[in-house]
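So this one's work-v8.txt, compact mmCIF, C-alpha atoms:
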```
# COMPACT_ATOMS: atom_id res chain seq x y z
CA LEU A 1 -34.98 8.60 45.68
CA LEU A 2 -34.45 12.11 44.32
CA GLY A 3 -36.54 13.61 47.13
CA SER A 4 -35.00 11.63 50.03
CA SER A 5 -33.57 13.28 53.15
CA TRP A 6 -29.99 12.21 52.56
CA LEU A 7 -29.98 14.12 49.26
CA ARG A 8 -31.24 17.29 50.98
CA GLY A 9 -28.28 17.18 53.37
CA LEU A 10 -25.68 17.26 50.63
CA PRO A 11 -24.01 20.55 49.69
CA TYR A 12 -25.58 22.21 46.63
CA ALA A 13 -28.56 19.90 47.07
CA PRO A 14 -31.08 21.97 45.03
CA ARG A 15 -28.74 22.30 42.08
CA LEU A 16 -27.71 18.64 42.29
CA ARG A 17 -31.36 17.55 42.40
CA PHE A 18 -32.12 19.78 39.42
CA PHE A 19 -29.42 18.11 37.29
CA LEU A 20 -30.42 14.64 38.45
CA TRP A 21 -34.03 15.27 37.39
CA LEU A 22 -32.81 16.71 34.11
CA PHE A 23 -30.70 13.62 33.50
CA PHE A 24 -33.66 11.42 34.42
CA TRP A 25 -35.97 13.10 31.89
CA PHE A 26 -33.35 12.88 29.13
CA PHE A 27 -32.92 9.20 29.93
CA MET A 28 -36.69 8.70 29.76
CA VAL A 29 -36.85 10.46 26.37
CA VAL A 30 -34.08 8.25 24.94
CA LEU A 31 -35.72 5.12 26.37
CA ALA A 32 -39.16 6.07 25.02
CA VAL A 33 -37.78 6.83 21.54
CA LYS A 34 -35.91 3.52 21.42
CA MET A 35 -38.99 1.59 22.52
CA VAL A 36 -41.26 3.30 19.98
CA ALA A 37 -38.74 2.71 17.16
CA TYR A 38 -38.38 -0.96 18.14
CA LEU A 39 -42.13 -1.58 18.36
CA VAL A 40 -42.94 0.20 15.10
CA PHE A 41 -40.06 -0.88 12.86
CA ASP A 42 -38.83 -4.20 14.27
CA VAL A 43 -42.09 -5.68 15.59
CA LEU A 44 -44.95 -4.15 13.59
CA ILE A 45 -43.27 -3.63 10.20
CA LEU A 46 -40.52 -6.26 10.03
CA LYS A 47 -41.86 -9.20 12.02
CA ARG A 48 -45.62 -8.90 11.48
CA GLN A 49 -45.76 -7.34 8.01
CA GLY A 50 -42.54 -8.89 6.72
CA VAL A 51 -41.43 -5.61 5.13
CA ARG A 52 -37.74 -4.74 5.05
CA TYR A 53 -37.29 -1.04 5.76
CA PRO A 54 -34.26 1.13 4.97
CA LYS A 55 -32.14 2.09 7.97
CA LEU A 56 -32.33 5.71 6.79
CA ILE A 57 -36.07 5.95 7.49
CA LYS A 58 -35.68 4.57 11.01
CA ASP A 59 -32.83 7.00 11.75
CA VAL A 60 -34.88 9.97 10.53
CA VAL A 61 -37.89 8.99 12.66
CA VAL A 62 -35.70 8.44 15.75
CA PHE A 63 -34.07 11.84 15.25
CA ILE A 64 -37.42 13.63 14.91
CA LEU A 65 -38.83 11.93 18.02
CA PHE A 66 -35.71 12.75 20.01
CA VAL A 67 -35.82 16.43 19.00
CA ALA A 68 -39.51 16.53 19.97
CA GLY A 69 -38.67 15.03 23.38
CA VAL A 70 -35.90 17.56 23.99
CA LEU A 71 -38.25 20.43 23.12
CA LEU A 72 -40.80 19.09 25.62
CA ILE A 73 -38.14 19.01 28.34
CA LEU A 74 -37.11 22.57 27.52
CA LYS A 75 -40.71 23.79 27.69
CA TYR A 76 -42.20 21.90 30.66
CA TYR A 77 -39.16 21.26 32.88
CA LEU A 78 -36.82 24.14 32.13
CA GLY A 79 -39.62 26.58 31.37
CA GLN A 80 -38.08 27.84 28.15
CA PRO A 81 -40.49 29.07 25.43
CA ILE A 82 -40.03 26.95 22.33
CA SER A 83 -41.14 29.66 19.91
CA GLY A 84 -38.43 32.03 21.08
CA LEU A 85 -35.82 29.30 20.89
CA LEU A 86 -36.80 28.40 17.34
CA ALA A 87 -36.75 32.04 16.26
CA SER A 88 -33.32 32.66 17.78
CA THR A 89 -31.80 29.72 15.90
CA ALA A 90 -33.24 30.60 12.49
CA VAL A 91 -30.06 32.34 11.30
CA LEU A 92 -27.92 29.50 12.59
CA THR A 93 -30.10 27.02 10.72
CA VAL A 94 -29.58 28.91 7.44
CA VAL A 95 -25.80 29.00 7.95
CA VAL A 96 -25.66 25.30 8.78
CA GLY A 97 -27.89 24.53 5.80
CA PHE A 98 -25.47 26.23 3.39
CA ALA A 99 -22.48 24.54 5.02
CA LEU A 100 -24.09 21.09 4.80
CA GLN A 101 -25.70 21.56 1.41
CA ASP A 102 -24.29 18.37 -0.11
CA VAL A 103 -25.00 16.30 3.00
CA LEU A 104 -28.60 17.52 3.20
CA GLY A 105 -29.02 17.00 -0.54
CA ASN A 106 -28.00 13.36 -0.18
CA LEU A 107 -30.26 12.97 2.86
CA PHE A 108 -33.41 14.29 1.17
CA SER A 109 -32.58 12.45 -2.05
CA GLY A 110 -32.46 9.20 -0.06
CA ILE A 111 -35.83 9.95 1.55
CA ILE A 112 -37.38 10.76 -1.85
CA LEU A 113 -35.97 7.58 -3.41
CA HIS A 114 -37.52 5.53 -0.63
CA PHE A 115 -40.97 7.11 -0.65
CA GLU A 116 -41.12 7.00 -4.45
CA ASP A 117 -40.51 3.25 -4.10
CA SER A 118 -38.05 3.50 -6.99
CA PHE A 119 -36.02 0.58 -5.68
CA LYS A 120 -35.65 -1.12 -2.34
CA ILE A 121 -33.25 -3.27 -0.38
CA GLY A 122 -32.64 -6.54 -2.22
CA ASP A 123 -33.27 -5.15 -5.73
CA TRP A 124 -30.70 -5.69 -8.47
CA VAL A 125 -29.98 -2.32 -10.14
CA ARG A 126 -27.71 -0.75 -12.74
CA ILE A 127 -26.60 2.87 -12.33
CA GLY A 128 -24.33 3.92 -15.15
CA GLU A 129 -21.62 1.27 -15.38
CA ARG A 130 -22.27 0.04 -11.83
CA GLU A 131 -24.44 -2.98 -11.28
CA GLY A 132 -25.32 -4.95 -8.16
CA ARG A 133 -27.80 -5.72 -5.40
CA VAL A 134 -28.91 -2.94 -3.01
CA GLU A 135 -27.86 -3.89 0.54
CA GLN A 136 -28.40 -0.81 2.67
CA PHE A 137 -29.75 2.75 2.59
CA GLY A 138 -27.88 5.36 4.64
CA TRP A 139 -28.02 9.07 5.43
CA ARG A 140 -25.59 10.03 2.67
CA SER A 141 -25.49 7.04 0.35
CA PHE A 142 -26.62 3.49 -0.28
CA LYS A 143 -24.52 0.36 -0.73
CA VAL A 144 -24.58 -1.97 -3.70
CA ARG A 145 -22.96 -5.43 -3.74
CA THR A 146 -21.69 -6.40 -7.21
CA ILE A 147 -21.57 -9.86 -8.71
CA ASP A 148 -17.87 -9.96 -7.81
CA ARG A 149 -18.79 -9.34 -4.14
CA GLU A 150 -17.41 -5.79 -4.30
CA LEU A 151 -19.21 -3.20 -2.17
CA ILE A 152 -19.92 0.09 -3.95
CA VAL A 153 -21.05 3.20 -2.08
CA ILE A 154 -23.24 5.45 -4.29
CA PRO A 155 -24.33 8.92 -3.10
CA ASN A 156 -28.10 9.31 -2.89
CA GLN A 157 -27.98 12.54 -4.88
CA SER A 158 -26.18 10.82 -7.77
CA ALA A 159 -28.81 8.08 -7.93
CA SER A 160 -31.66 10.61 -7.90
CA LYS A 161 -30.19 12.40 -10.94
CA ALA A 162 -29.02 9.36 -12.91
CA GLU A 163 -30.93 6.85 -15.00
CA VAL A 164 -31.48 3.74 -12.87
CA LEU A 165 -32.25 0.38 -14.47
CA ILE A 166 -34.08 -1.86 -11.98
CA TYR A 167 -34.08 -5.63 -12.48
CA GLY A 168 -36.05 -6.40 -9.32
CA SER A 169 -35.32 -8.73 -6.43
CA GLY A 170 -36.10 -12.07 -8.10
CA GLY A 171 -39.86 -12.08 -7.64
CA GLN A 172 -40.58 -11.38 -11.30
CA PRO A 173 -38.96 -12.63 -14.55
CA VAL A 174 -36.34 -10.49 -16.28
CA ALA A 175 -35.55 -10.64 -20.00
CA LEU A 176 -32.03 -11.43 -21.16
CA ARG A 177 -30.88 -11.05 -24.80
CA ILE A 178 -28.13 -13.11 -26.40
CA GLN A 179 -26.80 -12.76 -29.94
CA ALA A 180 -25.94 -15.70 -32.20
CA GLY A 181 -24.82 -15.97 -35.82
CA ALA A 182 -25.36 -18.67 -38.45
CA GLY A 183 -24.30 -19.07 -42.07
CA TYR A 184 -26.41 -18.12 -45.08
CA GLY A 185 -26.56 -21.76 -46.12
CA ASP A 186 -28.81 -22.66 -43.14
CA SER A 187 -32.47 -21.65 -43.24
CA PRO A 188 -33.82 -19.41 -40.46
CA ASP A 189 -36.41 -22.02 -39.45
CA ARG A 190 -33.71 -24.66 -38.99
CA VAL A 191 -31.53 -22.31 -36.96
CA GLU A 192 -34.47 -21.23 -34.78
CA ALA A 193 -35.44 -24.84 -34.08
CA ALA A 194 -31.86 -25.70 -33.10
CA ILE A 195 -31.62 -22.76 -30.71
CA LEU A 196 -34.99 -23.43 -29.07
CA GLY A 197 -34.08 -27.08 -28.68
CA ALA A 198 -30.86 -26.09 -26.90
CA LEU A 199 -32.78 -23.87 -24.49
CA VAL A 200 -35.28 -26.51 -23.36
CA ALA A 201 -33.08 -28.08 -20.68
CA THR A 202 -30.97 -25.04 -19.80
CA PRO A 203 -31.05 -24.45 -16.01
CA GLY A 204 -32.30 -21.00 -15.03
CA VAL A 205 -34.21 -20.33 -18.29
CA ARG A 206 -37.97 -20.00 -17.80
CA ARG A 207 -40.42 -21.86 -20.00
CA ASP A 208 -43.11 -19.24 -19.31
CA PRO A 209 -42.65 -16.73 -20.86
CA ALA A 210 -41.18 -18.90 -23.59
CA PRO A 211 -37.84 -18.05 -25.27
CA VAL A 212 -38.04 -16.15 -28.55
CA VAL A 213 -35.62 -16.27 -31.51
CA GLN A 214 -35.69 -13.44 -34.05
CA LEU A 215 -33.67 -12.82 -37.18
CA ARG A 216 -32.10 -9.48 -36.35
CA SER A 217 -30.03 -8.59 -39.41
CA PHE A 218 -28.14 -9.80 -42.46
CA GLY A 219 -24.46 -9.30 -41.79
CA ASP A 220 -21.48 -9.29 -44.15
CA PHE A 221 -20.76 -12.97 -43.53
CA ALA A 222 -23.55 -14.23 -41.22
CA MET A 223 -27.26 -14.05 -40.45
CA ASN A 224 -27.53 -12.52 -36.96
CA TYR A 225 -30.16 -13.81 -34.54
CA ASP A 226 -31.46 -12.26 -31.33
CA VAL A 227 -32.27 -14.85 -28.63
CA LYS A 228 -34.56 -13.54 -25.89
CA ILE A 229 -34.89 -15.61 -22.72
CA TRP A 230 -36.47 -14.98 -19.32
CA ILE A 231 -34.74 -15.66 -16.02
CA ASP A 232 -35.72 -15.32 -12.34
CA ASP A 233 -32.38 -14.68 -10.67
CA PHE A 234 -30.63 -11.77 -12.38
CA GLU A 235 -27.62 -12.21 -10.12
CA ARG A 236 -26.78 -15.32 -12.17
CA HIS A 237 -27.36 -13.74 -15.58
CA ASN A 238 -23.71 -14.07 -16.64
CA VAL A 239 -23.64 -17.76 -15.70
CA ILE A 240 -26.95 -18.47 -17.45
CA ALA A 241 -25.93 -16.54 -20.59
CA SER A 242 -22.65 -18.48 -20.76
CA ASP A 243 -24.50 -21.77 -20.44
CA VAL A 244 -26.94 -20.77 -23.20
CA ARG A 245 -24.11 -19.88 -25.61
CA ARG A 246 -22.36 -23.15 -24.85
CA ARG A 247 -25.49 -25.21 -25.54
CA ILE A 248 -26.18 -23.31 -28.77
CA TRP A 249 -22.66 -24.10 -29.97
CA TYR A 250 -23.11 -27.83 -29.29
CA ALA A 251 -26.55 -27.80 -30.95
CA PHE A 252 -25.10 -26.16 -34.08
CA ARG A 253 -22.27 -28.68 -34.24
CA ARG A 254 -24.61 -31.66 -33.89
CA GLN A 255 -26.92 -30.42 -36.66
CA GLY A 256 -24.16 -29.22 -38.97
CA ILE A 257 -25.11 -25.55 -38.79
CA GLU A 258 -22.19 -23.33 -39.69
CA ILE A 259 -20.97 -20.71 -37.22
CA PRO A 260 -19.32 -18.29 -39.67
CA PHE A 261 -16.40 -15.99 -39.11
CA PRO A 262 -14.92 -13.23 -41.27
CA LYS A 263 -13.22 -14.47 -44.42
CA ARG A 264 -11.17 -12.67 -47.03
CA ASP A 265 -10.07 -13.86 -50.42
CA VAL A 266 -6.75 -12.43 -51.57
CA TYR A 267 -5.93 -12.51 -55.27
CA MET A 268 -2.31 -12.15 -56.28
CA LYS A 269 -1.64 -10.65 -59.67
CA PRO A 270 1.54 -11.75 -61.37
CA GLU A 271 3.86 -8.90 -62.16
CA ARG A 272 4.59 -8.24 -65.79
CA GLY A 273 8.21 -8.73 -66.61
```
Write-out of the structure in structure tokens:
Amino acid sequence: LLGSSWLRGLPYAPRLRFFLWLFFWFFMVVLAVKMVAYLVFDVLILKRQGVRYPKLIKDVVVFILFVAGVLLILKYYLGQPISGLLASTAVLTVVVGFALQDVLGNLFSGIILHFEDSFKIGDWVRIGEREGRVEQFGWRSFKVRTIDRELIVIPNQSASKAEVLIYGSGGQPVALRIQAGAGYGDSPDRVEAAILGALVATPGVRRDPAPVVQLRSFGDFAMNYDVKIWIDDFERHNVIASDVRRRIWYAFRRQGIEIPFPKRDVYMKPERG
């Protein structure tokens, strides 16, 4: 089609044919990059291996392949030496690097977080006071969905510098600690048996590993116990913890175990007349 006779008869035919071929090769580069990205990420990795990949990694690979395709067009179709082109843009690259320092910092921090396998899409994480499930990795940040269905955008650079607590994606048990108090008149063995009995039928609490009750401290008015349970779905940890506290309260009431609270005795001295 590009070499047909009707095209040769048009005005500016050589220049028009040059731009048409140039457009054709750019189109072929874009098509080839899209096909390679689809076959590698969507077919080979996602469908066959069942691995969920961050969007950031796919974008970086597509960008690198596209730049490589453009350089090939410049060298073999336009006849431009690539080495000279790279050398002439070195100063511009430094200037752009300083101007986009924060953006590039977030980009490379996101790549490092992914390849370190620190956390992945679907993991429940806590970063500072923010807690939620990782939904998406991006060029500049990643998104976390909280238990209240709020979407938080956290810069990659902030996550790479902060302490990140990872609870996992539900494939492994996570420990949850709950505090309870009982009066000094009830023996620790009796209190422990009452708590463990309340946890037997609690939905969401694992039997293996088994719950553990420990006497944590002697308070001013109560003996303080630390109840350690294991759960699978950390997204429901608030619901499960509330249910555990409720069942402990009912167990204490049934067995007559006192749940103490602060008390003060006030003595009034009569005034001397």
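Atom CA of Ala32 of chain A is positioned 11.6 Å from atom CA of Ala68 of chain A.
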For Ser242 of chain A, work out the shell of residues within 12 Å, counting all atoms listed in the file and skipping chain neighbours fewer than 3 positions away, then give it as a list in words.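 In the requested format, the answer is Leu176, Arg177, Ile178, Gln179, Thr202, Pro203, Gly204, Val205, Arg236, His237, Asn238, Val239, Arg245, Arg246, Arg247, Ile248 and Trp249 of chain A.
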In Å, how far is it from atom CA of Glu235 of chain A to atom CA of Leu196 of chain A? 23.2 Å
Considering only C-alpha atoms, state which residue in the set A:Ala182, A:Val125, A:Val227, A:Val40 is at the smallest distance from Leu199 of chain A.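 For Leu199 of chain A, the nearest of the candidates is A:Val227.
Taking all atoms listed in the file into account, Val212 of chain A lies nearest to A:Ala175 out of the set A:Asp186, A:Trp21, A:Tyr38, A:Ala175.
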Val191 of chain A: which residues within 10 Å, counting only C-alpha atoms, same-chain residues fewer than 4 positions away excluded, as a ChimeraX atom specification? /A:180-183,186-187,195-197,213,215,223,225,248,251-252,255,257-258
Write out as JSON lines the residues of segment 180-259 of chain A that have any atom within 10 Å of an atom of segment 156-171 of chain A, one row each with the nearest atom pair and its distance in Å to one decimal, counting only C-alpha atoms, sorted by chain and then rising number.
```
{"residue": "A:Ile231", "atom": "CA", "partner": "A:Gly170", "partner_atom": "CA", "distance": 8.8}
{"residue": "A:Asp232", "atom": "CA", "partner": "A:Gly170", "partner_atom": "CA", "distance": 5.4}
{"residue": "A:Asp233", "atom": "CA", "partner": "A:Gly170", "partner_atom": "CA", "distance": 5.2}
{"residue": "A:Phe234", "atom": "CA", "partner": "A:Gly170", "partner_atom": "CA", "distance": 7.0}
{"residue": "A:Glu235", "atom": "CA", "partner": "A:Gly170", "partner_atom": "CA", "distance": 8.7}
```
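Pairwise distance (atom CA of Phe63 of chain A, atom CA of Leu31 of chain A) equals 13.1 Å.
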Given only C-alpha atoms as the counted atoms, nearest of A:Val60, A:Leu78, A:Ile127, A:Ala201 to Phe18 of chain A: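 The shortest atom-to-atom distance to Phe18 of chain A comes from A:Leu78.
When all atoms listed in the file are used to measure the gap to Asp226 of chain A, the shortest distance among A:Pro188, A:Pro209, A:Pro260, A:Pro155 belongs to A:Pro188.
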With all atoms listed in the file counted, which protein, DNA or RNA residues have an atom no more than 8 Å from (-24.7, -10.6, -6.8) in the file frame? Please answer as a PyMOL selection string. chain A and resi 124+132-133+145-149+235-236
Around segment 135-146 of chain A, with edges along x, y and z and 4 Å added on all six sides, what centre and edge lengths do you get, in Å to one decimal, as lines of an AutoDock Vina configuration file?
```
center_x = -25.7
center_y = 1.8
center_z = -0.9
size_x = 16.1
size_y = 24.4
size_z = 20.6
```
